[in-house]
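This is entry-v8.csv. It holds CSV, C-alpha atoms.
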```csv
chain,number,residue,atom,x,y,z
A,17,MET,CA,-19.8,20.3,16.7
A,18,SER,CA,-21.8,17.1,16.4
A,19,LEU,CA,-20.4,13.7,17.1
A,20,ASP,CA,-20.6,12.8,13.4
A,21,GLN,CA,-18.7,15.9,12.5
A,22,LYS,CA,-15.9,15.0,14.9
A,23,ARG,CA,-15.8,11.5,13.5
A,24,ALA,CA,-15.6,12.9,10.0
A,25,ARG,CA,-12.6,15.2,11.0
A,26,VAL,CA,-10.8,12.3,12.6
A,27,PHE,CA,-11.4,10.3,9.4
A,28,GLY,CA,-9.9,13.0,7.4
A,29,VAL,CA,-6.8,13.2,9.6
A,30,LEU,CA,-6.3,9.5,9.5
A,31,TYR,CA,-6.7,9.4,5.8
A,32,LEU,CA,-3.9,11.9,5.4
A,33,VAL,CA,-1.8,9.9,7.8
A,34,THR,CA,-2.1,6.9,5.4
A,35,PHE,CA,-0.3,8.9,2.7
A,36,VAL,CA,2.3,10.4,5.0
A,37,THR,CA,3.3,7.0,6.2
A,38,SER,CA,3.0,4.9,3.1
A,39,ILE,CA,4.9,6.9,0.5
A,40,PRO,CA,8.1,7.5,2.6
A,41,ALA,CA,8.1,3.8,3.5
A,42,LEU,CA,8.4,3.0,-0.2
A,43,VAL,CA,11.4,5.2,-0.6
A,44,LEU,CA,13.1,3.7,2.5
A,45,TYR,CA,12.5,0.1,1.3
A,46,GLU,CA,13.7,0.8,-2.3
A,47,PRO,CA,17.4,0.1,-1.9
A,48,ALA,CA,16.8,-3.3,-0.3
A,49,LEU,CA,14.1,-4.2,-2.9
A,50,ARG,CA,16.3,-3.2,-5.8
A,51,HIS,CA,19.5,-4.8,-4.5
A,52,PRO,CA,18.4,-7.5,-2.1
A,53,VAL,CA,21.6,-9.6,-2.5
A,54,GLY,CA,23.9,-6.7,-2.1
A,55,PHE,CA,21.9,-5.4,0.8
A,56,VAL,CA,22.2,-8.5,2.9
A,57,ALA,CA,25.9,-8.7,2.0
A,58,GLY,CA,26.3,-5.6,4.1
A,59,ALA,CA,25.9,-2.8,1.5
A,60,GLY,CA,22.6,-1.5,2.9
A,61,ASN,CA,21.5,0.6,5.9
A,62,VAL,CA,19.2,-1.7,7.9
A,63,ASN,CA,17.9,1.2,9.9
A,64,LYS,CA,16.0,2.3,6.8
A,65,ILE,CA,14.0,-1.0,6.8
A,66,TYR,CA,13.2,-0.6,10.5
A,67,LEU,CA,12.0,2.9,10.0
A,68,GLY,CA,10.0,1.9,7.0
A,69,ALA,CA,8.4,-1.0,9.0
A,70,LEU,CA,7.5,1.4,11.7
A,71,LEU,CA,5.8,3.7,9.2
A,72,GLU,CA,3.9,0.9,7.7
A,73,LEU,CA,2.7,-0.3,11.2
A,74,LEU,CA,1.4,3.3,11.7
A,75,LEU,CA,-0.2,3.0,8.3
A,76,ILE,CA,-2.0,-0.2,9.4
A,77,ILE,CA,-3.3,1.7,12.5
A,78,ALA,CA,-4.5,4.6,10.3
A,79,ASN,CA,-6.1,2.3,7.8
A,80,ILE,CA,-8.1,0.5,10.5
A,81,GLY,CA,-8.9,3.8,12.2
A,82,THR,CA,-10.4,5.2,9.0
A,83,ALA,CA,-12.8,2.2,8.9
A,84,VAL,CA,-13.7,2.4,12.6
A,85,VAL,CA,-14.6,6.1,12.7
A,86,ILE,CA,-16.6,6.1,9.4
A,87,VAL,CA,-18.7,3.0,10.0
A,88,PRO,CA,-21.0,4.5,12.7
A,89,ILE,CA,-21.9,7.2,10.2
A,90,MET,CA,-22.3,5.0,7.1
A,91,ARG,CA,-24.0,2.0,8.6
A,92,ARG,CA,-27.3,4.0,9.1
A,93,GLN,CA,-27.8,4.0,5.3
A,94,PHE,CA,-25.3,1.4,4.0
A,95,GLU,CA,-24.8,-1.3,6.5
A,96,GLU,CA,-23.6,-3.9,4.1
A,97,LEU,CA,-21.3,-1.5,2.2
A,98,SER,CA,-19.8,-0.2,5.5
A,99,ILE,CA,-19.0,-3.8,6.5
A,100,GLY,CA,-17.5,-4.3,3.1
A,101,TYR,CA,-15.3,-1.2,3.5
A,102,VAL,CA,-14.0,-2.5,6.9
A,103,THR,CA,-13.3,-5.9,5.3
A,104,ALA,CA,-11.4,-4.3,2.4
A,105,ARG,CA,-9.3,-2.3,4.8
A,106,LEU,CA,-8.5,-5.4,6.9
A,107,VAL,CA,-7.5,-7.3,3.8
A,108,GLU,CA,-5.3,-4.5,2.7
A,109,CYS,CA,-3.7,-4.3,6.1
A,110,THR,CA,-3.1,-8.1,6.0
A,111,PHE,CA,-1.1,-7.7,2.8
A,112,ILE,CA,0.8,-4.8,4.3
A,113,LEU,CA,1.7,-6.8,7.4
A,114,VAL,CA,3.0,-9.7,5.3
A,115,GLY,CA,5.1,-7.2,3.4
A,116,ILE,CA,6.5,-5.8,6.7
A,117,VAL,CA,7.5,-9.3,7.8
A,118,ALA,CA,9.2,-9.9,4.5
A,119,MET,CA,11.2,-6.7,4.9
A,120,LEU,CA,12.2,-7.4,8.5
A,121,GLY,CA,13.4,-10.8,7.2
A,122,ILE,CA,15.7,-9.1,4.8
A,123,ALA,CA,16.9,-6.9,7.7
A,124,THR,CA,17.6,-10.0,9.8
A,125,LEU,CA,19.6,-11.6,7.0
A,126,GLN,CA,21.7,-8.5,6.7
A,127,GLN,CA,22.8,-9.1,10.3
A,128,GLU,CA,24.0,-12.6,9.4
A,129,THR,CA,27.0,-13.8,7.4
A,130,ALA,CA,25.6,-13.5,3.9
A,131,GLY,CA,26.2,-16.3,1.5
A,132,ALA,CA,24.6,-17.7,-1.6
A,133,ALA,CA,21.7,-19.2,0.5
A,134,GLU,CA,21.0,-15.9,2.3
A,135,GLY,CA,21.1,-14.0,-1.0
A,136,THR,CA,18.5,-16.4,-2.5
A,137,VAL,CA,16.2,-15.9,0.5
A,138,ALA,CA,16.6,-12.2,0.4
A,139,TYR,CA,15.7,-12.2,-3.3
A,140,THR,CA,12.6,-14.3,-2.5
A,141,LEU,CA,11.5,-12.0,0.4
A,142,ALA,CA,11.9,-9.0,-1.9
A,143,ALA,CA,9.6,-10.7,-4.4
A,144,ILE,CA,7.0,-11.4,-1.7
A,145,LYS,CA,7.1,-7.7,-0.7
A,146,ASP,CA,6.5,-6.7,-4.3
A,147,TRP,CA,3.4,-9.0,-4.5
A,148,THR,CA,2.0,-7.8,-1.3
A,149,PHE,CA,2.2,-4.3,-2.6
A,150,LEU,CA,0.5,-5.2,-5.9
A,151,LEU,CA,-2.3,-7.1,-4.3
A,152,GLY,CA,-2.9,-4.8,-1.3
A,153,PRO,CA,-2.4,-1.1,-2.0
A,154,GLY,CA,-2.2,-1.8,-5.7
A,155,TRP,CA,-5.6,-3.7,-6.1
A,156,ILE,CA,-7.7,-3.9,-2.9
A,157,VAL,CA,-7.6,-0.1,-2.5
A,158,GLY,CA,-9.5,0.2,-5.7
A,159,TRP,CA,-12.5,-1.6,-4.2
A,160,GLY,CA,-12.4,-0.2,-0.7
A,161,ASN,CA,-11.2,3.4,-0.9
A,162,GLY,CA,-12.3,3.7,-4.5
A,163,LEU,CA,-15.7,2.2,-5.3
A,164,ILE,CA,-17.2,1.4,-1.8
A,165,LEU,CA,-16.1,4.6,0.0
A,166,GLY,CA,-16.6,6.8,-3.1
A,167,TYR,CA,-20.2,5.5,-3.5
A,168,MET,CA,-21.1,6.0,0.1
A,169,MET,CA,-19.6,9.5,0.2
A,170,PHE,CA,-21.5,10.3,-3.1
A,171,ARG,CA,-24.8,9.2,-1.7
A,172,THR,CA,-24.5,10.8,1.7
A,173,GLY,CA,-23.0,14.1,0.5
A,174,LEU,CA,-20.5,14.2,3.3
A,175,VAL,CA,-17.9,15.6,0.9
A,176,PRO,CA,-18.4,17.7,-2.2
A,177,ARG,CA,-19.6,15.6,-5.2
A,178,PRO,CA,-16.6,16.3,-7.4
A,179,VAL,CA,-14.3,14.8,-4.7
A,180,THR,CA,-16.3,11.6,-4.7
A,181,TRP,CA,-15.7,11.1,-8.4
A,182,LEU,CA,-12.0,10.7,-7.7
A,183,GLY,CA,-12.9,7.4,-6.0
A,184,LEU,CA,-15.7,6.4,-8.3
A,185,ILE,CA,-13.5,6.9,-11.4
A,186,GLY,CA,-10.1,6.2,-9.8
A,187,GLY,CA,-11.2,3.0,-8.1
A,188,PRO,CA,-12.0,1.1,-11.3
A,189,LEU,CA,-8.8,2.4,-12.9
A,190,ILE,CA,-6.8,1.1,-10.0
A,191,ILE,CA,-8.6,-2.3,-10.2
A,192,ILE,CA,-8.1,-2.5,-13.9
A,193,SER,CA,-4.4,-1.5,-13.8
A,194,GLY,CA,-3.8,-3.7,-10.8
A,195,THR,CA,-5.3,-6.7,-12.6
A,196,ARG,CA,-3.2,-6.0,-15.7
A,197,ARG,CA,-0.1,-5.8,-13.6
A,198,ASP,CA,-0.9,-9.0,-11.7
A,199,VAL,CA,-1.7,-11.0,-14.9
A,200,ARG,CA,1.3,-9.6,-16.8
A,201,ARG,CA,3.6,-9.5,-13.8
A,202,ARG,CA,7.3,-10.3,-14.5
A,203,PRO,CA,10.0,-10.6,-11.9
A,204,ARG,CA,11.6,-7.3,-11.0
A,205,ARG,CA,15.0,-6.7,-12.6
A,206,ARG,CA,17.2,-6.7,-9.6
A,207,HIS,CA,20.9,-6.2,-9.4
A,208,VAL,CA,22.9,-9.3,-8.9
A,209,PRO,CA,26.6,-8.7,-8.0
A,210,GLY,CA,28.9,-9.9,-10.8
A,211,THR,CA,26.3,-9.6,-13.5
A,212,ARG,CA,25.1,-6.9,-15.8
A,213,ASN,CA,21.6,-7.0,-14.4
A,214,ASP,CA,21.6,-3.6,-12.8
A,215,PRO,CA,18.8,-1.3,-14.1
A,216,GLY,CA,20.1,1.8,-12.3
A,217,GLY,CA,20.6,3.5,-9.0
A,218,PRO,CA,19.0,2.5,-5.7
A,219,LEU,CA,16.1,5.0,-6.2
A,220,GLY,CA,15.5,4.3,-9.8
A,221,THR,CA,12.2,2.6,-9.4
A,222,VAL,CA,10.8,5.0,-6.8
A,223,PRO,CA,8.8,7.1,-9.3
A,224,ARG,CA,7.3,4.0,-10.8
A,225,ARG,CA,6.4,2.5,-7.5
A,226,LEU,CA,4.8,5.8,-6.4
A,227,LEU,CA,2.7,5.8,-9.6
A,228,HIS,CA,1.7,2.2,-8.8
A,229,HIS,CA,0.8,3.3,-5.3
A,230,LEU,CA,-1.5,6.0,-6.7
A,231,GLY,CA,-2.9,3.7,-9.3
A,232,LEU,CA,-1.6,5.8,-12.2
A,233,GLN,CA,0.6,3.4,-14.0
A,234,ALA,CA,-0.1,0.1,-15.6
```
Spell out the structure here as structure tokens.
Amino acid sequence: MSLDQKRARVFGVLYLVTFVTSIPALVLYEPALRHPVGFVAGAGNVNKIYLGALLELLLIIANIGTAVVIVPIMRRQFEELSIGYVTARLVECTFILVGIVAMLGIATLQQETAGAAEGTVAYTLAAIKDWTFLLGPGWIVGWGNGLILGYMMFRTGLVPRPVTWLGLIGGPLIIISGTRRDVRRRPRRRHVPGTRNDPGGPLGTVPRRLLHHLGLQA
């Protein structure tokens, strides 16, 4: 097995790790994102946030790993695009890291005596997490994993051509849907104790967020 083949296999494994870590993290975060005020008041399990943060840290490592192992192969033909792919991955990871900090902030507030001020801060941190998700995995991915990586794979023939079209077609769709969501973005309807603003159970938005993660919902 050649060195390039080994790198390609490592890339494939790391790429799968990005899905294995990112999707469960969404599910673990959802109760705190849907009910931030109630969560910091003591109604939530803070260990879910810690586990979700750990998964997203592993996601960051996997994201950077996919860029590191593929660049030596791609830079022979596409030096500028390979650098662009690394940059897109780093920008995505930056958004993810900011989101992790926001979620850990909510976890910290849950350990304190929650009052009106803490509830407001928790609500703000949840909104920051939402935006980091929309701008990182919900928009940058369309450029990096979609257009740039899809084009390089298409030209090099490292994967079957039909597979590359998933990126070449899916990338622009993610960018368009992400742009629409960013432009038309409204605050998430979150539950506030003592009001009727409760859109459902704690896992009610998981399907929607998973579709956002995959770029399949506007």
Fill in: Residues within 12 Å of stretch 118-128 of chain A, all atoms listed in the file, excluding chain neighbours under 2 positions, as a PyMOL selection string
chain A and resi 41-42+44-49+51-70+72+111-116+130-149
Discussion item. Please determine, counting all atoms listed in the file, which residue among A:Gln93, A:Thr180, A:Asn161, A:Asn79 has the shortest atom-to-atom distance to A:Ser38.
Written reply: A:Asn79
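Proximity of A:Val199, A:Ile89, A:Ile185, A:Ile192 to A:Thr172, computed with all atoms listed in the file, is greatest for A:Ile89.
Ranking A:Thr195, A:Leu73, A:Pro178, A:Leu19 by their shortest atom-to-atom distance to A:Thr37, with all atoms listed in the file included, puts A:Leu73 first.
The gap separating atom CA of A:Cys109 from atom CA of A:Ile76 is 5.5 Å, in Å to one decimal.
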Write only C-alpha atoms for stretch 154-189 of chain A from the block just shown, as a PDB file, in the first residue's frame.
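Contents of result-v2.pdb, as written:
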```pdb
ATOM      1  CA  GLY A 154     -24.323  25.349   8.371  1.00  0.00           C
ATOM      2  CA  TRP A 155     -22.459  27.554   5.856  1.00  0.00           C
ATOM      3  CA  ILE A 156     -18.662  27.196   5.743  1.00  0.00           C
ATOM      4  CA  VAL A 157     -18.991  23.440   5.196  1.00  0.00           C
ATOM      5  CA  GLY A 158     -20.648  24.131   1.856  1.00  0.00           C
ATOM      6  CA  TRP A 159     -17.472  25.830   0.639  1.00  0.00           C
ATOM      7  CA  GLY A 160     -14.890  23.503   2.180  1.00  0.00           C
ATOM      8  CA  ASN A 161     -16.348  19.995   2.132  1.00  0.00           C
ATOM      9  CA  GLY A 162     -18.724  20.807  -0.680  1.00  0.00           C
ATOM     10  CA  LEU A 163     -17.234  22.849  -3.483  1.00  0.00           C
ATOM     11  CA  ILE A 164     -13.484  22.775  -2.783  1.00  0.00           C
ATOM     12  CA  LEU A 165     -13.086  19.162  -1.701  1.00  0.00           C
ATOM     13  CA  GLY A 166     -15.696  17.931  -4.173  1.00  0.00           C
ATOM     14  CA  TYR A 167     -13.926  19.633  -7.084  1.00  0.00           C
ATOM     15  CA  MET A 168     -10.492  18.318  -6.109  1.00  0.00           C
ATOM     16  CA  MET A 169     -11.832  14.783  -5.703  1.00  0.00           C
ATOM     17  CA  PHE A 170     -13.621  15.065  -9.043  1.00  0.00           C
ATOM     18  CA  ARG A 171     -10.469  16.143 -10.872  1.00  0.00           C
ATOM     19  CA  THR A 172      -8.123  13.646  -9.223  1.00  0.00           C
ATOM     20  CA  GLY A 173     -10.482  10.662  -9.417  1.00  0.00           C
ATOM     21  CA  LEU A 174      -9.556   9.480  -5.909  1.00  0.00           C
ATOM     22  CA  VAL A 175     -13.186   8.541  -5.322  1.00  0.00           C
ATOM     23  CA  PRO A 176     -15.886   7.443  -7.790  1.00  0.00           C
ATOM     24  CA  ARG A 177     -17.223  10.369  -9.817  1.00  0.00           C
ATOM     25  CA  PRO A 178     -20.850   9.947  -8.622  1.00  0.00           C
ATOM     26  CA  VAL A 179     -19.642  10.438  -5.029  1.00  0.00           C
ATOM     27  CA  THR A 180     -17.967  13.743  -5.893  1.00  0.00           C
ATOM     28  CA  TRP A 181     -21.267  15.103  -7.189  1.00  0.00           C
ATOM     29  CA  LEU A 182     -22.619  14.907  -3.657  1.00  0.00           C
ATOM     30  CA  GLY A 183     -20.181  17.675  -2.773  1.00  0.00           C
ATOM     31  CA  LEU A 184     -20.443  19.611  -6.026  1.00  0.00           C
ATOM     32  CA  ILE A 185     -24.229  19.720  -5.825  1.00  0.00           C
ATOM     33  CA  GLY A 186     -24.682  19.564  -2.058  1.00  0.00           C
ATOM     34  CA  GLY A 187     -22.102  22.304  -1.409  1.00  0.00           C
ATOM     35  CA  PRO A 188     -23.975  25.064  -3.252  1.00  0.00           C
ATOM     36  CA  LEU A 189     -27.259  23.891  -1.709  1.00  0.00           C
TER      37      LEU A 189
END
```
